[in-house]
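Asks: Sending over model10.txt (compact mmCIF, C-alpha atoms).
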```txt
# COMPACT_ATOMS: atom_id res chain seq x y z
CA MET A 1 103.33 -120.78 -129.54
CA ALA A 2 99.80 -119.31 -129.52
CA LEU A 3 99.56 -115.85 -131.05
CA ALA A 4 97.31 -112.84 -130.46
CA LEU A 5 96.98 -109.39 -132.01
CA SER A 6 97.25 -105.89 -130.55
CA ILE A 7 95.79 -103.14 -132.74
CA GLY A 8 95.83 -99.34 -133.08
CA LYS A 9 93.90 -97.29 -135.63
CA CYS A 10 93.66 -93.69 -136.80
CA SER A 11 91.91 -91.66 -139.51
CA LEU A 12 92.54 -87.93 -140.09
CA LEU A 13 90.61 -85.47 -142.24
CA GLY A 14 93.82 -83.59 -143.05
CA ASN A 15 94.23 -79.93 -143.92
CA TYR A 16 92.97 -79.85 -147.50
CA ARG A 17 89.72 -81.84 -147.61
CA GLU A 18 86.22 -80.84 -146.54
CA ASN A 19 85.17 -84.37 -145.67
CA ASN A 20 86.87 -87.65 -144.83
CA GLU A 21 86.28 -90.21 -147.59
CA ASP A 22 88.41 -92.84 -145.82
CA SER A 23 86.75 -95.54 -143.73
CA ILE A 24 88.49 -97.96 -141.38
CA ASP A 25 87.23 -100.75 -139.17
CA VAL A 26 88.46 -103.53 -136.90
CA GLN A 27 86.08 -106.41 -136.22
CA LEU A 28 86.90 -108.80 -133.38
CA PHE A 29 84.78 -111.87 -134.09
CA PRO A 30 85.05 -114.96 -131.85
CA GLU A 31 86.71 -116.92 -134.65
CA MET A 32 88.73 -114.19 -136.41
CA THR A 33 89.98 -110.59 -136.43
CA VAL A 34 89.29 -108.53 -139.56
CA CYS A 35 90.96 -105.17 -140.29
CA VAL A 36 89.77 -103.08 -143.26
CA VAL A 37 90.93 -99.73 -144.67
CA ALA A 38 89.15 -98.06 -147.61
CA ASP A 39 89.71 -94.79 -149.48
CA GLY A 40 86.59 -93.56 -151.28
CA MET A 41 86.29 -91.46 -154.41
CA GLY A 42 83.55 -90.00 -156.56
CA GLY A 43 82.84 -86.46 -155.39
CA HIS A 44 80.35 -85.01 -152.89
CA ALA A 45 79.43 -87.71 -150.39
CA ALA A 46 79.81 -90.58 -152.86
CA GLY A 47 83.34 -91.53 -151.80
CA GLU A 48 82.28 -91.68 -148.17
CA VAL A 49 79.37 -93.95 -149.07
CA ALA A 50 81.54 -96.33 -151.10
CA SER A 51 84.28 -96.68 -148.48
CA LYS A 52 81.75 -97.09 -145.65
CA ARG A 53 79.96 -99.84 -147.55
CA ALA A 54 83.26 -101.65 -148.21
CA VAL A 55 84.20 -101.80 -144.52
CA GLU A 56 80.69 -102.98 -143.64
CA ILE A 57 80.17 -105.62 -146.33
CA ILE A 58 83.53 -107.41 -146.24
CA PRO A 59 83.50 -108.28 -142.50
CA ARG A 60 79.82 -109.23 -142.78
CA GLU A 61 80.56 -111.72 -145.55
CA LEU A 62 83.60 -113.13 -143.76
CA LYS A 63 81.62 -113.64 -140.55
CA LYS A 64 78.94 -115.45 -142.54
CA ARG A 65 81.23 -117.80 -144.48
CA LEU A 66 84.65 -118.18 -142.84
CA GLY A 67 84.18 -120.77 -140.11
CA ALA A 68 86.89 -122.43 -138.05
CA SER A 69 86.75 -125.67 -140.06
CA VAL A 70 87.28 -124.02 -143.48
CA SER A 71 90.48 -125.12 -145.25
CA ASN A 72 93.26 -122.68 -146.17
CA ASP A 73 92.43 -122.73 -149.89
CA ASP A 74 88.73 -122.29 -149.22
CA ALA A 75 89.52 -119.44 -146.83
CA LYS A 76 91.41 -117.62 -149.59
CA ALA A 77 88.44 -118.06 -151.91
CA ILE A 78 86.06 -116.73 -149.23
CA VAL A 79 88.24 -113.64 -148.66
CA ARG A 80 88.28 -113.02 -152.41
CA ARG A 81 84.53 -113.55 -152.65
CA SER A 82 83.88 -111.06 -149.83
CA ILE A 83 85.65 -108.39 -151.88
CA VAL A 84 83.69 -109.31 -155.01
CA GLN A 85 80.45 -109.10 -153.02
CA ALA A 86 81.38 -105.62 -151.80
CA ASN A 87 82.10 -104.60 -155.38
CA GLU A 88 78.75 -105.92 -156.61
CA GLU A 89 76.80 -104.12 -153.90
CA ILE A 90 78.65 -100.84 -154.43
CA MET A 91 78.03 -101.03 -158.18
CA SER A 92 74.35 -101.80 -157.62
CA LEU A 93 73.98 -98.85 -155.25
CA ALA A 94 75.68 -96.53 -157.74
CA ALA A 95 73.31 -97.69 -160.49
CA LEU A 96 70.25 -96.84 -158.36
CA ASP A 97 71.28 -93.34 -157.25
CA ARG A 98 72.36 -90.73 -159.79
CA GLU A 99 74.33 -88.82 -157.15
CA LEU A 100 76.42 -91.96 -156.49
CA LYS A 101 76.94 -92.81 -160.16
CA ASN A 102 80.73 -92.48 -160.24
CA MET A 103 81.54 -93.63 -156.72
CA GLY A 104 84.28 -96.13 -155.95
CA THR A 105 86.75 -97.04 -153.26
CA THR A 106 90.06 -98.74 -152.69
CA VAL A 107 90.22 -101.42 -150.04
CA VAL A 108 92.88 -103.39 -148.16
CA LEU A 109 92.26 -105.96 -145.48
CA THR A 110 93.90 -108.47 -143.19
CA VAL A 111 92.15 -111.52 -141.78
CA TRP A 112 93.55 -113.56 -138.88
CA ARG A 113 91.83 -116.76 -137.80
CA LYS A 114 92.14 -117.45 -134.07
CA GLY A 115 94.68 -120.15 -133.25
CA SER A 116 96.50 -119.69 -136.57
CA SER A 117 99.95 -118.32 -137.43
CA LEU A 118 98.73 -117.15 -140.84
CA MET A 119 97.49 -113.74 -141.98
CA TYR A 120 95.34 -113.39 -145.11
CA VAL A 121 96.09 -110.15 -146.98
CA ALA A 122 94.28 -108.65 -149.99
CA GLY A 123 93.75 -105.29 -151.65
CA MET A 124 92.13 -103.43 -154.51
CA GLY A 125 93.26 -99.99 -155.65
CA ASP A 126 96.27 -98.15 -154.22
CA SER A 127 95.78 -98.42 -150.47
CA ARG A 128 98.47 -100.72 -149.09
CA VAL A 129 99.39 -103.35 -146.55
CA TYR A 130 103.00 -103.49 -145.30
CA LEU A 131 104.77 -106.03 -143.10
CA VAL A 132 107.56 -104.93 -140.78
CA HIS A 133 109.61 -108.00 -139.88
CA GLY A 134 112.93 -107.55 -138.11
CA LYS A 135 114.83 -104.78 -139.91
CA LYS A 136 112.83 -105.05 -143.15
CA ILE A 137 109.60 -103.57 -144.47
CA GLU A 138 107.74 -105.28 -147.31
CA GLN A 139 104.76 -104.04 -149.30
CA LEU A 140 102.38 -107.02 -149.44
CA THR A 141 99.76 -105.57 -151.79
CA VAL A 142 100.11 -104.37 -155.39
CA ASP A 143 98.85 -100.96 -156.51
CA HIS A 144 96.20 -101.11 -159.22
CA SER A 145 97.30 -97.80 -160.74
CA ILE A 146 98.21 -97.03 -164.32
CA ALA A 147 101.74 -96.16 -163.20
CA GLN A 148 102.17 -99.59 -161.60
CA ALA A 149 100.79 -101.24 -164.74
CA LEU A 150 103.49 -99.41 -166.70
CA VAL A 151 106.10 -100.75 -164.26
CA GLU A 152 104.84 -104.29 -164.77
CA ALA A 153 104.98 -103.76 -168.54
CA LYS A 154 108.62 -102.59 -168.07
CA THR A 155 107.75 -99.24 -169.64
CA ILE A 156 108.90 -97.24 -166.61
CA SER A 157 110.92 -98.06 -163.49
CA ALA A 158 109.54 -98.40 -159.97
CA ALA A 159 111.39 -95.20 -159.03
CA GLU A 160 109.74 -93.34 -161.93
CA ALA A 161 106.32 -94.66 -160.87
CA ARG A 162 106.60 -92.88 -157.50
CA THR A 163 106.36 -89.48 -159.21
CA HIS A 164 104.54 -90.46 -162.43
CA ARG A 165 101.50 -88.36 -163.36
CA TYR A 166 99.35 -91.51 -163.44
CA ARG A 167 100.47 -92.83 -160.05
CA ASN A 168 97.06 -91.97 -158.52
CA VAL A 169 94.97 -92.98 -161.55
CA LEU A 170 93.38 -96.34 -160.77
CA TRP A 171 92.22 -98.91 -163.30
CA LYS A 172 90.86 -101.35 -160.72
CA TYR A 173 88.91 -100.50 -157.55
CA LEU A 174 85.64 -101.39 -155.85
CA GLY A 175 82.88 -99.93 -157.97
CA SER A 176 84.45 -101.03 -161.27
CA ALA A 177 83.79 -104.00 -163.57
CA GLU A 178 87.55 -104.69 -163.66
CA VAL A 179 87.37 -106.29 -160.21
CA GLY A 180 86.25 -109.50 -161.94
CA ASP A 181 86.83 -112.54 -159.72
CA GLY A 182 88.67 -110.46 -157.14
CA PRO A 183 92.31 -109.89 -156.21
CA GLU A 184 95.06 -112.28 -155.26
CA VAL A 185 94.89 -113.22 -151.58
CA LYS A 186 98.31 -113.60 -149.98
CA VAL A 187 98.83 -115.89 -147.01
CA VAL A 188 101.64 -114.62 -144.77
CA SER A 189 103.25 -116.74 -142.07
CA MET A 190 103.69 -114.48 -139.07
CA GLN A 191 105.76 -114.45 -135.91
CA ALA A 192 105.60 -112.65 -132.58
CA GLY A 193 107.05 -109.17 -133.08
CA ASP A 194 105.78 -108.77 -136.65
CA ARG A 195 103.73 -105.65 -137.37
CA PHE A 196 101.33 -105.02 -140.22
CA LEU A 197 100.43 -101.53 -141.45
CA LEU A 198 97.27 -100.97 -143.47
CA CYS A 199 97.08 -97.45 -144.91
CA THR A 200 95.62 -95.17 -147.54
CA ASP A 201 97.74 -93.27 -150.05
CA GLY A 202 97.39 -90.15 -147.93
CA LEU A 203 100.08 -91.84 -145.84
CA SER A 204 102.05 -93.98 -148.28
CA GLY A 205 102.10 -91.21 -150.87
CA VAL A 206 104.22 -88.91 -148.69
CA VAL A 207 105.99 -91.12 -146.12
CA SER A 208 108.70 -93.38 -147.54
CA ASP A 209 108.89 -97.08 -146.73
CA GLU A 210 112.07 -96.49 -144.73
CA GLN A 211 110.44 -93.71 -142.71
CA MET A 212 107.47 -95.95 -141.98
CA MET A 213 109.70 -98.75 -140.74
CA ASN A 214 111.83 -96.47 -138.59
CA TYR A 215 108.79 -94.76 -137.09
CA MET A 216 107.09 -98.05 -136.30
CA LYS A 217 110.23 -99.31 -134.57
CA GLU A 218 110.36 -96.14 -132.44
CA LYS A 219 106.74 -96.47 -131.26
CA PRO A 220 106.02 -99.78 -129.48
CA ASP A 221 102.50 -98.74 -128.43
CA ASN A 222 100.21 -99.55 -131.35
CA GLN A 223 97.65 -96.80 -130.83
CA GLU A 224 100.39 -94.21 -130.35
CA CYS A 225 102.07 -95.58 -133.48
CA ALA A 226 98.87 -95.33 -135.58
CA ASP A 227 98.15 -91.79 -134.37
CA GLY A 228 101.75 -90.69 -134.82
CA ILE A 229 102.35 -92.14 -138.28
CA CYS A 230 99.21 -90.41 -139.58
CA GLN A 231 100.40 -87.14 -138.02
CA LEU A 232 103.80 -87.68 -139.65
CA ALA A 233 102.11 -87.80 -143.07
CA LEU A 234 100.22 -84.61 -142.22
CA ASP A 235 103.44 -82.89 -141.11
CA GLN A 236 105.12 -83.93 -144.37
CA GLY A 237 102.48 -82.20 -146.44
CA SER A 238 99.87 -84.83 -147.26
CA ARG A 239 96.99 -83.19 -149.12
CA ASP A 240 94.62 -86.12 -148.65
CA ASN A 241 92.72 -87.88 -145.88
CA ILE A 242 95.12 -90.09 -143.93
CA SER A 243 94.24 -93.45 -142.38
CA ALA A 244 96.15 -96.33 -140.83
CA ILE A 245 95.69 -99.51 -138.83
CA VAL A 246 98.72 -100.94 -137.01
CA VAL A 247 98.51 -104.65 -136.15
CA GLU A 248 101.14 -106.22 -133.91
CA VAL A 249 101.58 -109.96 -133.51
CA GLY A 250 102.30 -111.06 -129.95
CA GLU A 251 102.21 -114.11 -127.71
CA SER A 252 98.76 -114.83 -126.33
CA LYS A 253 99.99 -115.41 -122.79
CA ASP A 254 100.78 -111.72 -122.30
CA ARG A 255 98.76 -109.99 -125.03
CA LYS A 256 95.18 -109.91 -126.14
CA SER A 257 93.31 -108.46 -129.08
CA VAL A 258 92.45 -104.84 -128.36
CA VAL A 259 91.23 -101.85 -130.32
```
Could you express the structure from this file as structure tokens?

Replies:
Amino acid sequence: MALALSIGKCSLLGNYRENNEDSIDVQLFPEMTVCVVADGMGGHAAGEVASKRAVEIIPRELKKRLGASVSNDDAKAIVRRSIVQANEEIMSLAALDRELKNMGTTVVLTVWRKGSSLMYVAGMGDSRVYLVHGKKIEQLTVDHSIAQALVEAKTISAAEARTHRYRNVLWKYLGSAEVGDGPEVKVVSMQAGDRFLLCTDGLSGVVSDEQMMNYMKEKPDNQECADGICQLALDQGSRDNISAIVVEVGESKDRKSVV
């Protein structure tokens, strides 16, 4: 069965920020569809610059290197390398401009190659990618926060991490030397009816996984779902910018890639 994607996207300033440091983008290339969500940081306009560069550089690098004939393992390496390239360029820009010195950004992305039933998923920082499959929701990315590092070290529980004072303190993000060779790239086998949610912590920090799943099941239209789930985070008191991309997997005979 040939598959296709239907996509909705939303980014809200919110009620507590003067500027939106989130950046999101969907690129529909002939050979692939790339979705990217980034949450910038660094004060003044620096966070906006970092997140904007991330969503520009990563699709650019993927378009340049990820051809139809590339193997699965090589594709994973290319996705990883695109993130490393974004990190290198953001760090170089920060080194040249004193006002951008401390800028950085999270990033999450999905890459679907046309004709495939596989989705490539990667992330850096604490923005997230979720998969809603049937009656389950699964977080596909790992937070690079100090609280999550404490969970992995078995110092605190996952439940404690959700309210830990270091839950929003990142040790790895674009704009930092810790990126190294890049993050793990997951390859997810997908089916018609699956939905992916890419979001910043302005959403995931206030809306529970169960609420996300239930809301996404109530809203079959992907643009309505993206708009509504961001508004839900705002209604529940999010104090951050809020961004989301909703990606639905469908059959190509009755669906096409849309933005």

Asks: Quick one: of A:Val151, A:Ala45, A:Val247, A:Gly125, who's nearest to Asp221 in chain A, counting only C-alpha atoms?

Replies: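 The shortest atom-to-atom distance to Asp221 in chain A comes from A:Val247.
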
Asks: Can you work out which one of A:Asp74, A:Glu31, A:Glu178, A:Glu160 has the shortest atom-to-atom distance to Ala147 in chain A, counting only C-alpha atoms?

Replies: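 Among the listed residues, the smallest separation from Ala147 in chain A belongs to A:Glu160.
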
Asks: Quick one: distance from CA of Lys186 in chain A to CA of Gly67 in chain A in Å, one decimal?

Replies: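 Straight-line distance from CA of Lys186 in chain A to CA of Gly67 in chain A works out to 18.7 Å.
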
Asks: Of the residues A:Ala177, A:Val34, A:Gly182, A:Val169, which is the one nearest to Val84 in chain A, using all atoms listed in the file?

Replies: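 When distances to Val84 in chain A are compared using all atoms listed in the file, the smallest one comes from A:Gly182.
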
Asks: Which one of A:Ala244, A:Leu197, A:Ala149, A:Ser238 sits closest to Asn15 in chain A if you count all atoms listed in the file?

Replies: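 Closest residue, counting all atoms listed in the file: A:Ser238.
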
Asks: Please determine, counting only C-alpha atoms, which residue among A:Ser204, A:Thr155, A:Ser243, A:Ser127 has the shortest atom-to-atom distance to Thr141 in chain A.

Replies: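 Going through A:Ser204, A:Thr155, A:Ser243, A:Ser127 one by one, the smallest distance to Thr141 in chain A is for A:Ser127.
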
Asks: Residues of range 42-95 of chain A that have any atom at most 8 Å from an atom of range 106-124 of chain A: could you tabulate them with the shortest-distance atom pair and the distance in Å to one decimal, using only C-alpha atoms, ordered by chain and increasing number, as JSON lines?

Replies:
```
{"residue": "A:Ser51", "atom": "CA", "partner": "A:Thr106", "partner_atom": "CA", "distance": 7.4}
{"residue": "A:Ala54", "atom": "CA", "partner": "A:Val107", "partner_atom": "CA", "distance": 7.2}
{"residue": "A:Ala68", "atom": "CA", "partner": "A:Arg113", "partner_atom": "CA", "distance": 7.5}
{"residue": "A:Lys76", "atom": "CA", "partner": "A:Tyr120", "partner_atom": "CA", "distance": 7.3}
{"residue": "A:Val79", "atom": "CA", "partner": "A:Tyr120", "partner_atom": "CA", "distance": 7.9}
{"residue": "A:Arg80", "atom": "CA", "partner": "A:Ala122", "partner_atom": "CA", "distance": 7.8}
```

Asks: Store the residues of this selection in a file with C-alpha atoms, as a compact mmCIF listing (two decimals), keeping the file's coordinate frame.

Replies:
```txt
# COMPACT_ATOMS: atom_id res chain seq x y z
CA SER A 51 84.28 -96.68 -148.48
CA ALA A 54 83.26 -101.65 -148.21
CA ALA A 68 86.89 -122.43 -138.05
CA LYS A 76 91.41 -117.62 -149.59
CA VAL A 79 88.24 -113.64 -148.66
CA ARG A 80 88.28 -113.02 -152.41
```

Asks: In Å, with one decimal, what is the gap from CA of Ser82 in chain A to CA of Arg60 in chain A?

Replies: 8.3 Å

Asks: Just to confirm, what's the straight-line distance from CA of Lys172 in chain A to CA of Asn19 in chain A in Å (one decimal)?

Replies: 23.4 Å

Asks: Between A:Ile146, A:Leu131, A:Leu100, A:Ala226, which one has atoms that come closest to Glu48 in chain A, using all atoms listed in the file?

Replies: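 Among the listed residues, the smallest separation from Glu48 in chain A belongs to A:Leu100.
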
Asks: Starting from the point (90.0, -96.9, -146.0), work out which residues of protein, DNA or RNA have an atom no more than 10 Å away when counting all atoms listed in the file; state them as a count of residues only.

Replies: 34

Asks: Neighbours of Ala46 in chain A within 8 Å (all atoms listed in the file; same-chain residues fewer than 3 positions away dropped), as a list of chain:residue names?

Replies: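 My list of contacting residues is A:Gly40, A:Met41, A:Gly42, A:Gly43, A:Val49, A:Ala50, A:Glu99, A:Leu100, A:Asn102, A:Met103, A:Gly104.
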
Asks: Could range 65-82 of chain A be completed with N, CA and C atoms and returned as a compact mmCIF listing (two decimals), keeping the file's coordinate frame?

Replies:
```txt
# COMPACT_ATOMS: atom_id res chain seq x y z
N ARG A 65 80.73 -116.66 -143.71
CA ARG A 65 81.23 -117.80 -144.48
C ARG A 65 82.52 -118.44 -143.96
N LEU A 66 83.32 -117.69 -143.20
CA LEU A 66 84.65 -118.18 -142.84
C LEU A 66 84.65 -118.80 -141.45
N GLY A 67 84.21 -120.06 -141.37
CA GLY A 67 84.18 -120.77 -140.11
C GLY A 67 85.53 -121.38 -139.76
N ALA A 68 85.63 -121.89 -138.56
CA ALA A 68 86.89 -122.43 -138.05
C ALA A 68 87.35 -123.66 -138.82
N SER A 69 86.40 -124.41 -139.38
CA SER A 69 86.75 -125.67 -140.06
C SER A 69 87.09 -125.49 -141.54
N VAL A 70 87.01 -124.28 -142.06
CA VAL A 70 87.28 -124.02 -143.48
C VAL A 70 88.77 -124.21 -143.78
N SER A 71 89.09 -124.88 -144.87
CA SER A 71 90.48 -125.12 -145.25
C SER A 71 91.16 -123.82 -145.68
N ASN A 72 92.49 -123.86 -145.78
CA ASN A 72 93.26 -122.68 -146.17
C ASN A 72 92.87 -122.19 -147.57
N ASP A 73 92.79 -123.12 -148.52
CA ASP A 73 92.43 -122.73 -149.89
C ASP A 73 91.02 -122.17 -149.96
N ASP A 74 90.10 -122.80 -149.24
CA ASP A 74 88.73 -122.29 -149.22
C ASP A 74 88.66 -120.93 -148.54
N ALA A 75 89.48 -120.73 -147.52
CA ALA A 75 89.52 -119.44 -146.83
C ALA A 75 89.95 -118.33 -147.78
N LYS A 76 90.96 -118.61 -148.59
CA LYS A 76 91.41 -117.62 -149.59
C LYS A 76 90.27 -117.27 -150.54
N ALA A 77 89.55 -118.29 -150.99
CA ALA A 77 88.44 -118.06 -151.91
C ALA A 77 87.33 -117.24 -151.25
N ILE A 78 87.09 -117.47 -149.96
CA ILE A 78 86.06 -116.73 -149.23
C ILE A 78 86.48 -115.27 -149.06
N VAL A 79 87.75 -115.02 -148.76
CA VAL A 79 88.24 -113.64 -148.66
C VAL A 79 88.05 -112.93 -150.00
N ARG A 80 88.43 -113.61 -151.07
CA ARG A 80 88.28 -113.02 -152.41
C ARG A 80 86.80 -112.75 -152.71
N ARG A 81 85.96 -113.71 -152.38
CA ARG A 81 84.53 -113.55 -152.65
C ARG A 81 83.92 -112.40 -151.85
N SER A 82 84.41 -112.17 -150.64
CA SER A 82 83.88 -111.06 -149.83
C SER A 82 84.16 -109.72 -150.50
```
